[in-house]
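Shown below: input03.cif, with mmCIF, C-alpha atoms and all ligand atoms.
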```cif
data_run
loop_
_atom_site.label_atom_id
_atom_site.label_comp_id
_atom_site.auth_asym_id
_atom_site.auth_seq_id
_atom_site.Cartn_x
_atom_site.Cartn_y
_atom_site.Cartn_z
CA MET A 1 0.08 -86.77 137.15
CA SER A 2 -1.76 -89.58 138.88
CA LYS A 3 -3.65 -92.33 137.12
CA SER A 4 -7.13 -91.19 136.11
CA LYS A 5 -9.75 -92.44 138.55
CA SER A 6 -12.88 -91.43 136.71
CA PRO A 7 -13.84 -93.57 133.71
CA VAL A 8 -12.53 -92.13 130.44
CA SER A 9 -13.13 -92.93 126.79
CA LYS A 10 -10.85 -95.31 124.88
CA PRO A 11 -8.98 -92.59 122.95
CA THR A 12 -8.14 -90.86 126.23
CA GLN A 13 -7.17 -94.17 127.81
CA LEU A 14 -4.71 -94.85 124.99
CA ILE A 15 -2.77 -91.69 125.80
CA SER A 16 -1.87 -92.98 129.27
CA ALA A 17 -1.91 -96.77 128.62
CA GLY A 18 1.23 -98.47 129.90
CA ARG A 19 2.67 -95.24 131.30
CA ASP A 20 2.98 -96.49 134.84
CA LYS A 21 5.62 -94.68 136.87
CA LYS A 22 7.37 -97.97 137.59
CA TYR A 23 8.19 -98.09 133.86
CA THR A 24 8.61 -94.40 133.02
CA HIS A 25 10.47 -93.26 136.16
CA GLY A 26 8.94 -89.81 135.90
CA VAL A 27 9.40 -88.97 132.22
CA VAL A 28 6.61 -89.21 129.67
CA ASN A 29 7.75 -92.39 127.91
CA PRO A 30 9.40 -95.51 129.28
CA PRO A 31 13.09 -95.79 128.37
CA VAL A 32 14.22 -98.38 125.83
CA GLN A 33 15.72 -100.88 128.24
CA ARG A 34 18.04 -103.24 126.37
CA ALA A 35 19.03 -106.37 128.24
CA SER A 36 20.02 -109.98 128.04
CA THR A 37 21.48 -110.38 131.54
CA VAL A 38 19.75 -108.91 134.57
CA LEU A 39 22.01 -108.52 137.61
CA PHE A 40 20.93 -109.37 141.16
CA ASP A 41 22.69 -107.97 144.22
CA THR A 42 21.72 -110.78 146.55
CA VAL A 43 20.57 -114.38 146.48
CA ALA A 44 17.27 -113.23 147.95
CA GLU A 45 16.75 -110.79 145.07
CA LYS A 46 17.52 -113.47 142.52
CA THR A 47 15.10 -115.88 144.21
CA GLN A 48 12.38 -113.23 144.22
CA ALA A 49 12.94 -112.47 140.52
CA THR A 50 12.75 -116.17 139.70
CA ILE A 51 9.43 -116.52 141.49
CA ASN A 52 8.00 -113.50 139.66
CA ARG A 53 9.71 -114.06 136.31
CA ALA A 54 6.43 -114.50 134.46
CA ASN A 55 4.87 -111.58 136.28
CA LYS A 56 6.82 -108.57 135.03
CA ALA A 57 9.85 -108.92 137.30
CA LEU A 58 13.17 -108.24 135.57
CA PHE A 59 14.64 -111.73 135.26
CA TYR A 60 16.31 -112.36 131.89
CA GLY A 61 16.06 -110.53 128.56
CA ARG A 62 13.88 -113.16 126.92
CA ARG A 63 11.19 -112.57 129.55
CA GLY A 64 11.17 -108.86 128.66
CA THR A 65 12.24 -105.56 130.17
CA GLN A 66 10.28 -102.55 131.38
CA THR A 67 9.82 -101.36 127.79
CA HIS A 68 8.12 -104.66 126.93
CA PHE A 69 6.01 -104.63 130.10
CA ALA A 70 4.74 -101.11 129.32
CA PHE A 71 3.79 -102.16 125.78
CA GLN A 72 2.09 -105.35 127.03
CA ASP A 73 0.06 -103.38 129.58
CA ALA A 74 -0.96 -100.88 126.92
CA MET A 75 -2.10 -103.63 124.54
CA VAL A 76 -4.30 -105.14 127.27
CA GLU A 77 -5.78 -101.69 127.93
CA LEU A 78 -6.47 -101.39 124.22
CA GLU A 79 -8.06 -104.77 123.50
CA GLY A 80 -9.03 -106.13 126.91
CA GLY A 81 -8.14 -109.66 128.02
CA PHE A 82 -5.61 -110.59 130.68
CA GLY A 83 -2.09 -110.90 129.30
CA CYS A 84 -0.29 -110.04 126.07
CA ALA A 85 2.46 -112.17 124.50
CA LEU A 86 4.84 -110.51 122.06
CA TYR A 87 6.18 -111.99 118.81
CA PRO A 88 8.61 -110.85 116.10
CA CYS A 89 5.75 -110.62 113.57
CA GLY A 90 2.05 -111.32 113.16
CA THR A 91 2.70 -114.66 111.50
CA ALA A 92 4.67 -115.83 114.55
CA ALA A 93 1.80 -114.73 116.79
CA ILE A 94 -0.65 -116.85 114.77
CA SER A 95 1.47 -120.00 114.54
CA ASN A 96 2.56 -119.83 118.20
CA ALA A 97 -0.96 -119.24 119.46
CA ILE A 98 -2.22 -122.30 117.59
CA LEU A 99 0.79 -124.48 118.48
CA SER A 100 0.41 -123.58 122.16
CA PHE A 101 -2.94 -125.37 122.28
CA VAL A 102 -2.88 -128.35 119.91
CA GLU A 103 -1.45 -131.86 119.96
CA ALA A 104 -1.34 -134.76 117.50
CA GLY A 105 -4.82 -136.02 116.75
CA ASP A 106 -6.51 -132.64 117.20
CA HIS A 107 -8.62 -130.87 114.62
CA ILE A 108 -9.12 -127.15 114.07
CA LEU A 109 -11.65 -125.06 112.16
CA MET A 110 -10.04 -122.31 110.07
CA VAL A 111 -11.85 -119.58 108.18
CA ASP A 112 -11.36 -119.94 104.44
CA THR A 113 -10.51 -116.25 104.10
CA CYS A 114 -7.55 -116.40 106.48
CA TYR A 115 -4.26 -114.65 105.80
CA GLU A 116 -2.37 -116.72 103.23
CA PRO A 117 0.57 -117.78 105.47
CA THR A 118 -1.96 -118.92 108.09
CA ARG A 119 -3.39 -121.33 105.52
CA ASP A 120 0.12 -122.46 104.52
CA PHE A 121 0.98 -123.08 108.19
CA CYS A 122 -2.11 -125.27 108.63
CA ASN A 123 -1.53 -127.19 105.40
CA THR A 124 2.15 -127.91 106.03
CA MET A 125 3.36 -127.72 109.65
CA LEU A 126 0.11 -128.53 111.45
CA LYS A 127 -0.55 -131.38 109.05
CA ARG A 128 2.94 -132.78 109.66
CA LEU A 129 2.32 -132.64 113.40
CA GLY A 130 -0.87 -134.65 112.99
CA VAL A 131 -3.31 -131.76 113.41
CA GLU A 132 -6.08 -131.65 110.84
CA THR A 133 -7.65 -128.44 109.48
CA THR A 134 -11.13 -127.98 108.05
CA TYR A 135 -11.82 -124.69 106.27
CA TYR A 136 -15.20 -123.04 106.63
CA ALA A 137 -16.87 -120.22 104.71
CA PRO A 138 -16.54 -116.81 106.42
CA THR A 139 -20.30 -116.25 106.06
CA ILE A 140 -21.17 -119.45 107.92
CA GLY A 141 -23.70 -119.33 110.78
CA GLU A 142 -25.30 -122.14 112.80
CA GLU A 143 -24.08 -124.65 110.19
CA ILE A 144 -20.63 -124.44 111.78
CA SER A 145 -21.96 -127.08 114.23
CA GLU A 146 -21.90 -129.67 111.45
CA LEU A 147 -18.13 -129.23 111.08
CA ILE A 148 -17.31 -129.75 114.75
CA GLN A 149 -15.80 -133.15 115.63
CA PRO A 150 -15.12 -134.62 119.08
CA ASN A 151 -11.42 -133.68 118.61
CA THR A 152 -12.01 -130.12 117.39
CA LYS A 153 -9.89 -127.89 119.60
CA ILE A 154 -9.83 -124.42 118.04
CA LEU A 155 -12.19 -122.17 116.10
CA PHE A 156 -10.01 -119.64 114.27
CA LEU A 157 -11.60 -116.48 112.87
CA GLU A 158 -10.31 -113.56 110.86
CA SER A 159 -12.77 -110.73 110.43
CA PRO A 160 -12.94 -109.07 107.96
CA GLY A 161 -11.36 -111.77 105.79
CA SER A 162 -8.07 -111.27 103.99
CA VAL A 163 -8.41 -109.55 100.61
CA THR A 164 -12.14 -110.31 100.10
CA MET A 165 -13.20 -108.55 103.35
CA GLU A 166 -16.13 -110.75 104.53
CA VAL A 167 -17.15 -109.74 108.09
CA GLN A 168 -17.91 -112.71 110.36
CA ASN A 169 -20.67 -113.25 112.91
CA VAL A 170 -18.14 -113.57 115.73
CA PRO A 171 -20.48 -113.79 118.78
CA LEU A 172 -22.66 -116.51 117.24
CA LEU A 173 -19.69 -118.64 116.15
CA ALA A 174 -17.90 -118.11 119.48
CA GLU A 175 -20.96 -119.25 121.42
CA ILE A 176 -21.29 -122.45 119.39
CA ALA A 177 -17.56 -123.12 119.78
CA HIS A 178 -17.73 -122.63 123.55
CA ASN A 179 -20.69 -125.01 123.78
CA ASN A 180 -18.32 -127.57 122.27
CA ASP A 181 -15.38 -126.82 124.61
CA MET A 182 -13.34 -125.17 121.89
CA ILE A 183 -10.92 -122.25 122.12
CA VAL A 184 -11.88 -119.21 120.04
CA MET A 185 -8.99 -117.35 118.37
CA LEU A 186 -9.37 -114.25 116.23
CA ASP A 187 -6.96 -112.50 113.90
CA ASN A 188 -8.03 -109.01 114.94
CA THR A 189 -5.51 -107.09 112.85
CA TRP A 190 -8.04 -105.16 110.77
CA SER A 191 -9.76 -103.54 113.76
CA ALA A 192 -6.37 -102.80 115.36
CA GLY A 193 -8.05 -103.80 118.62
CA LEU A 194 -9.68 -100.38 118.77
CA HIS A 195 -12.80 -100.81 116.67
CA PHE A 196 -13.70 -104.36 117.67
CA SER A 197 -13.46 -105.48 121.30
CA PRO A 198 -12.81 -109.22 120.92
CA PHE A 199 -13.33 -110.22 124.53
CA ASP A 200 -16.83 -108.70 124.61
CA TYR A 201 -17.79 -111.07 121.78
CA GLY A 202 -16.50 -114.37 123.18
CA VAL A 203 -12.95 -114.45 121.81
CA ASP A 204 -10.41 -116.24 124.04
CA ILE A 205 -7.24 -115.22 122.22
CA SER A 206 -6.99 -112.09 120.09
CA ILE A 207 -4.08 -111.87 117.68
CA GLN A 208 -2.71 -108.91 115.79
CA ALA A 209 -0.09 -108.25 113.20
CA ALA A 210 0.95 -105.14 115.12
CA THR A 211 3.16 -104.58 112.07
CA LYS A 212 0.05 -102.92 110.61
CA TYR A 213 -1.87 -100.20 112.48
CA ILE A 214 -0.28 -100.49 115.93
CA VAL A 215 3.14 -99.63 114.56
CA GLY A 216 1.50 -97.54 111.84
CA HIS A 217 4.65 -96.36 110.08
CA SER A 218 5.74 -99.40 108.00
CA ASP A 219 9.05 -99.65 109.83
CA VAL A 220 8.70 -102.55 112.32
CA MET A 221 7.58 -106.20 112.21
CA LEU A 222 5.61 -107.05 115.35
CA GLY A 223 2.98 -109.53 116.58
CA THR A 224 0.76 -109.71 119.64
CA ALA A 225 -1.56 -112.31 121.14
CA ILE A 226 -3.76 -111.42 124.08
CA ALA A 227 -5.43 -114.17 126.11
CA THR A 228 -8.11 -114.27 128.76
CA GLU A 229 -6.96 -115.30 132.22
CA ALA A 230 -7.98 -118.93 131.56
CA TYR A 231 -5.60 -119.28 128.60
CA TRP A 232 -2.87 -116.79 129.49
CA GLU A 233 -0.43 -119.11 131.26
CA GLN A 234 -0.49 -121.77 128.56
CA LEU A 235 -0.05 -119.21 125.79
CA ARG A 236 2.72 -117.38 127.64
CA GLU A 237 4.73 -120.43 128.67
CA ASN A 238 4.48 -122.28 125.36
CA SER A 239 5.43 -119.17 123.38
CA TYR A 240 8.33 -118.68 125.79
CA LEU A 241 9.50 -122.25 125.19
CA MET A 242 9.44 -121.59 121.46
CA GLY A 243 11.77 -118.64 122.10
CA GLN A 244 9.39 -115.88 121.14
CA CYS A 245 10.64 -112.43 122.12
CA ILE A 246 11.13 -109.00 120.53
CA SER A 247 13.63 -106.18 120.81
CA PRO A 248 12.87 -103.34 123.25
CA ASP A 249 13.25 -100.88 120.37
CA ASP A 250 10.39 -102.58 118.55
CA ALA A 251 8.28 -102.70 121.73
CA TYR A 252 8.92 -98.97 122.13
CA LEU A 253 7.76 -98.23 118.58
CA GLY A 254 4.65 -100.35 119.09
CA LEU A 255 3.86 -98.39 122.23
CA ARG A 256 4.44 -95.11 120.45
CA GLY A 257 2.06 -96.12 117.68
CA ILE A 258 -0.75 -96.66 120.21
CA ARG A 259 -0.69 -92.94 121.13
CA THR A 260 -1.90 -91.86 117.68
CA LEU A 261 -3.92 -94.97 116.80
CA ASP A 262 -7.35 -93.40 117.27
CA LEU A 263 -6.41 -90.25 115.38
CA ARG A 264 -4.84 -92.15 112.49
CA LEU A 265 -7.73 -94.61 112.15
CA LYS A 266 -10.25 -91.75 112.06
CA GLN A 267 -8.45 -90.21 109.08
CA HIS A 268 -7.84 -93.57 107.35
CA GLN A 269 -11.54 -94.32 107.71
CA GLN A 270 -12.75 -90.94 106.48
CA SER A 271 -10.50 -91.04 103.44
CA SER A 272 -11.20 -94.69 102.60
CA LEU A 273 -14.95 -94.05 102.65
CA ALA A 274 -14.54 -91.11 100.30
CA VAL A 275 -12.41 -93.21 97.93
CA ALA A 276 -14.83 -96.16 98.21
CA LYS A 277 -17.83 -93.98 97.36
CA TRP A 278 -15.97 -92.48 94.41
CA LEU A 279 -15.22 -96.02 93.20
CA GLN A 280 -18.87 -97.06 93.60
CA ALA A 281 -19.83 -94.39 91.09
CA ARG A 282 -17.28 -95.54 88.48
CA PRO A 283 -18.70 -97.50 85.54
CA GLU A 284 -15.64 -99.83 85.48
CA VAL A 285 -16.32 -101.06 89.03
CA ASP A 286 -18.60 -104.03 89.70
CA HIS A 287 -18.76 -103.63 93.48
CA VAL A 288 -16.83 -102.27 96.45
CA ARG A 289 -15.93 -104.47 99.43
CA HIS A 290 -15.61 -101.94 102.22
CA PRO A 291 -17.01 -103.27 105.53
CA ALA A 292 -18.76 -99.95 106.18
CA LEU A 293 -20.71 -100.24 102.91
CA GLU A 294 -23.69 -102.51 102.29
CA THR A 295 -22.05 -104.11 99.25
CA CYS A 296 -19.53 -105.85 101.55
CA PRO A 297 -20.51 -109.40 102.63
CA GLY A 298 -21.18 -109.38 106.37
CA HIS A 299 -21.72 -105.60 106.47
CA GLU A 300 -24.55 -106.19 108.97
CA TYR A 301 -22.04 -107.62 111.48
CA PHE A 302 -19.73 -104.68 110.92
CA ALA A 303 -22.64 -102.32 111.61
CA ARG A 304 -23.60 -104.30 114.71
CA ASP A 305 -20.20 -105.08 116.27
CA PHE A 306 -17.60 -102.52 115.13
CA THR A 307 -17.20 -98.95 116.33
CA GLY A 308 -15.30 -97.80 113.25
CA GLY A 309 -13.26 -98.74 110.22
CA ASN A 310 -9.92 -97.89 108.65
CA GLY A 311 -8.17 -97.51 105.33
CA LEU A 312 -8.13 -101.10 103.99
CA PHE A 313 -10.75 -102.35 101.54
CA SER A 314 -11.14 -103.96 98.13
CA PHE A 315 -13.09 -103.39 94.96
CA VAL A 316 -13.87 -105.69 92.05
CA MET A 317 -13.78 -104.54 88.44
CA LYS A 318 -16.32 -105.60 85.83
CA SER A 319 -13.57 -106.88 83.55
CA GLN A 320 -10.34 -108.76 83.77
CA ASN A 321 -7.49 -107.65 81.57
CA SER A 322 -3.94 -108.08 82.75
CA LYS A 323 -2.44 -105.50 80.36
CA ALA A 324 -4.94 -102.87 81.52
CA THR A 325 -4.33 -103.79 85.17
CA THR A 326 -0.58 -103.45 84.65
CA ALA A 327 -1.01 -100.05 83.00
CA LEU A 328 -3.10 -98.87 85.96
CA LEU A 329 -0.63 -100.15 88.57
CA ASP A 330 2.65 -99.18 86.90
CA GLY A 331 1.68 -95.54 86.57
CA MET A 332 0.41 -94.90 90.09
CA GLU A 333 2.15 -91.93 91.69
CA LEU A 334 0.81 -91.89 95.25
CA PHE A 335 -0.39 -95.48 95.74
CA GLY A 336 2.66 -97.68 96.25
CA MET A 337 2.71 -101.32 95.20
CA GLY A 338 3.78 -103.62 98.00
CA TYR A 339 2.67 -106.06 100.63
CA SER A 340 1.42 -105.17 104.09
CA TRP A 341 -0.73 -102.17 105.04
CA GLY A 342 -1.54 -100.03 108.09
CA GLY A 343 1.22 -97.46 107.58
CA TYR A 344 0.68 -93.78 106.82
CA GLU A 345 1.11 -94.35 103.07
CA SER A 346 -1.35 -95.51 100.44
CA LEU A 347 -0.94 -98.91 98.77
CA ILE A 348 -2.59 -100.85 95.97
CA LEU A 349 -2.43 -104.50 94.87
CA ALA A 350 -4.36 -106.52 92.29
CA ASN A 351 -5.65 -110.11 92.47
CA GLU A 352 -6.81 -111.80 89.28
CA PRO A 353 -9.90 -114.02 89.76
CA ARG A 354 -7.94 -117.24 89.13
CA SER A 355 -5.67 -116.53 92.13
CA PHE A 356 -8.61 -117.35 94.41
CA ASN A 357 -8.61 -120.93 93.11
CA SER A 358 -5.63 -121.63 95.35
CA LEU A 359 -6.41 -119.06 98.09
CA ARG A 360 -9.88 -120.47 98.83
CA THR A 361 -11.13 -124.04 99.14
CA VAL A 362 -14.77 -123.62 100.23
CA ALA A 363 -15.58 -119.96 99.60
CA ASN A 364 -14.22 -119.04 96.17
CA PRO A 365 -15.92 -115.72 95.37
CA ASN A 366 -15.81 -116.58 91.63
CA PHE A 367 -15.21 -113.01 90.52
CA THR A 368 -15.17 -112.38 86.81
CA GLY A 369 -13.22 -109.13 87.15
CA THR A 370 -9.94 -108.19 88.80
CA LEU A 371 -9.96 -107.42 92.53
CA PHE A 372 -7.91 -104.45 93.71
CA ARG A 373 -7.06 -104.02 97.37
CA ILE A 374 -6.40 -100.49 98.53
CA HIS A 375 -4.86 -99.14 101.67
CA THR A 376 -5.94 -95.52 101.94
CA GLY A 377 -3.12 -93.66 103.63
CA LEU A 378 -2.92 -90.24 105.21
CA GLU A 379 -2.31 -88.25 102.01
CA ASN A 380 -4.94 -85.67 101.05
CA VAL A 381 -7.90 -87.68 99.75
CA ASP A 382 -8.46 -85.47 96.69
CA ASP A 383 -4.91 -86.23 95.58
CA LEU A 384 -5.54 -89.94 96.06
CA ILE A 385 -8.72 -89.85 93.99
CA LYS A 386 -6.88 -87.96 91.25
CA ASP A 387 -4.19 -90.68 91.23
CA LEU A 388 -6.89 -93.35 90.86
CA GLU A 389 -8.69 -91.35 88.20
CA ASN A 390 -5.49 -91.23 86.15
CA GLY A 391 -5.04 -94.98 86.76
CA PHE A 392 -8.55 -95.68 85.44
CA ALA A 393 -7.77 -93.56 82.36
CA ARG A 394 -4.70 -95.72 81.66
CA TYR A 395 -6.81 -98.85 82.26
CA ASN A 396 -9.48 -97.71 79.80
CA ALA A 397 -6.91 -96.64 77.20
CA VAL A 398 -5.58 -100.21 77.06
CA LEU A 399 -9.08 -101.74 76.94
CA ASN A 400 -10.21 -99.37 74.19
CA ALA A 401 -7.09 -100.02 72.10
CA GLN A 402 -7.80 -103.76 71.95
C1 LIG B 1 0.02 -108.88 107.76
C2 LIG B 1 -0.94 -109.79 108.39
C3 LIG B 1 -0.51 -110.86 109.17
C4 LIG B 1 0.95 -111.20 109.33
O1 LIG B 1 1.67 -110.22 109.96
P1 LIG B 1 3.26 -110.10 109.75
O2 LIG B 1 3.68 -109.16 110.82
O3 LIG B 1 3.46 -109.56 108.36
O4 LIG B 1 3.84 -111.46 109.90
C5 LIG B 1 -1.45 -111.64 109.77
N1 LIG B 1 -2.77 -111.40 109.64
C6 LIG B 1 -3.22 -110.38 108.89
C7 LIG B 1 -4.69 -110.16 108.78
C8 LIG B 1 -2.33 -109.55 108.23
O5 LIG B 1 -2.79 -108.56 107.48
#
```
Would you kindly transcribe this structure into structure tokens?
Ligand SMILES: *Cc1c(COP(=O)(O)O)cnc(C)c1O
Amino acid sequence: MSKSKSPVSKPTQLISAGRDKKYTHGVVNPPVQRASTVLFDTVAEKTQATINRANKALFYGRRGTQTHFAFQDAMVELEGGFGCALYPCGTAAISNAILSFVEAGDHILMVDTCYEPTRDFCNTMLKRLGVETTYYAPTIGEEISELIQPNTKILFLESPGSVTMEVQNVPLLAEIAHNNDMIVMLDNTWSAGLHFSPFDYGVDISIQAATKYIVGHSDVMLGTAIATEAYWEQLRENSYLMGQCISPDDAYLGLRGIRTLDLRLKQHQQSSLAVAKWLQARPEVDHVRHPALETCPGHEYFARDFTGGNGLFSFVMKSQNSKATTALLDGMELFGMGYSWGGYESLILANEPRSFNSLRTVANPNFTGTLFRIHTGLENVDDLIKDLENGFARYNAVLNAQ
């Protein structure tokens, strides 16, 4: 098999991504190459490896082995950009990407709907290092200009937003940021890099919790950050200095996940839409926050910029009753209760309205009812709906008994 010369679609590209013969040595998948020490036969070989140590030459385990290089290449084929840095989890990818580009006295703009540990990182570590954070509403447009200071270094986006799912106007915000010499970073976990092409919309560094859909099987923690050529060296070298590296076994599993990414997302999306539409018709539900539906804030940007969705969305109930919520959750048979998402299995979590008082500082959605977040897994969708239907019956039984 030689590398395809004619242009092919993304799903086809993901089948061969990273499978260069220099990594695979003639079998389908690259071997899991475990290494700390790399041995050199001659001084000349060692010198050559040192020169190319940041350019996929085997040098020392922390710089990666052929398994890592294959995964990095595949991630760049998936999302675009120039180079991909690997981290032991998504949170490490976020904190290292930010730390690689700030210094004391800098200021960053962070979306109010960011992943909770991202907010905690800004409020504790960045603050201690003398870097100030201003939160902005995910729905912001041109008004972002008013928040930019002479020392504002980074615009950080996460679209759709954590838990409340607001889709951002990425190209508009990126353009304004670039006009002010800022670096644009995006937590691109939700799109898995497949359904939103960050570098076509002005993003400089695209970050993923590969723990989610890239790995896809809830069995590995993994983070990635892909930079354009302009920012690659600084990201790579600073992350390296902070000791960021992953095991080849984890890189292998990330690479394996990429092969079925398109197929899995198609099913997650189809099932989640069916569940979301079923929920929309339920009298207990106030509204559904699924980016592919008009009731989701920023749906117009999803429709404009994304090529597809997945299994993760939220819905808000008309009422708030913790006993009824507990009855619903405790009896679920197919939807598991637990953090994370992106695996093959369905998950459900609840957020009471008051929890947003601490999770949001400028964009509190002020729900009156409980928000449930669902990850629609790969089970048969009729079974999933039945599980939810039974959950709603338990919910109503508690409400009616009071
Ligand atoms: C899970 C998640 C992260 C963090 O990833 P970990 O691998 O769990 O550290 C970051 N951003 C988003 C949007 C996530 O969902």
Handout entry: Selected residue, from A:Tyr23, A:Trp190, A:Phe335, A:Trp232, that lies nearest to A:Gly311 when counting all atoms listed in the file
Key = A:Trp190
Practice task
Grab me every residue within 6 Å of ligand LIG 1 (chain B), counting all atoms listed in the file, and send it over as a PyMOL selection string.
Solution key: chain A and resi 89-91+115+162+189+209+211+221-223+340
Practice task
For A:Tyr252, list every protein, DNA or RNA residue within 12 Å, evaluated using all atoms listed in the file, and leave out those in the same chain fewer than 6 positions away; present the list as a ChimeraX atom specification.
Solution key: /A:18-19,23-24,29-34,65-72,74,214-215,220,222,246,258-259
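Using all atoms listed in the file, the shortest contact distance between A:Phe372 and any of A:Pro160, A:Pro353, A:Gly202, A:Pro248 is found at A:Pro353.
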Problem - Atom-to-atom span, atom CA of A:Ser247 and atom CA of A:Ser36, Å - result: 10.4 Å
Practice task
Measure the distance from atom CA of A:Ala54 to atom CA of A:Asp187 in Å and round it to one decimal.
Solution key: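 We find that atom CA of A:Ala54 and atom CA of A:Asp187 lie 24.6 Å from each other.
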Problem - Which residue of A:His178, A:Glu158, A:Met165, A:Asn123 approaches A:Pro198 most closely, using all atoms listed in the file - result: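 The closest residue to A:Pro198 is A:Glu158.
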Problem - Residue contacts of A:Ala85 (9 Å, only C-alpha atoms) excluding same-chain residues fewer than 6 positions away, as a list of chain:residue names - result: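 Contacts, with the query itself left out: A:Gln72, A:Ala93, A:Gly223, A:Thr224, A:Ala225, A:Ile226, A:Ala227, A:Trp232, A:Leu235, A:Arg236, A:Ser239, A:Tyr240, A:Gln244, A:Cys245.
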Exercise for the section: Within 12 Å of (-11.9, -92.7, 102.6) (coordinates as in the file), grab all the protein and nucleic acid residues, counting only C-alpha atoms, and write them out as an MDAnalysis selection string. Expected result: chainID A and resid 265:279 290 292:293 309:313 346 374:385
Practice task
Go through A:Leu186, A:Gly257, A:Glu229, A:Phe196 and flag the residue nearest A:Phe302, using all atoms listed in the file for the distances.
Solution key: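 That would be A:Phe196, the residue with the smallest distance to A:Phe302.
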Handout entry: Å distance separating atom CA of A:Ile205 from atom CA of A:Gly105, one decimal place
Key =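 Result for atom CA of A:Ile205 versus atom CA of A:Gly105: 21.6 Å, one decimal.
For A:Arg304, the non-local neighbours within 12 Å, defined as residues at least 2 positions apart in the same chain or in other chains and counting all atoms listed in the file, are Val167, Gln168, Asn169, Val170, Pro171, His195, Phe196, Tyr201, Pro291, Ala292, Gly298, His299, Glu300, Tyr301, Phe302, Phe306, Thr307 and Gly308 of chain A.
The residue that comes closest to A:Ser16, out of A:Ile183, A:Phe392, A:Ala92, A:Leu255 and on the basis of all atoms listed in the file, is A:Leu255.
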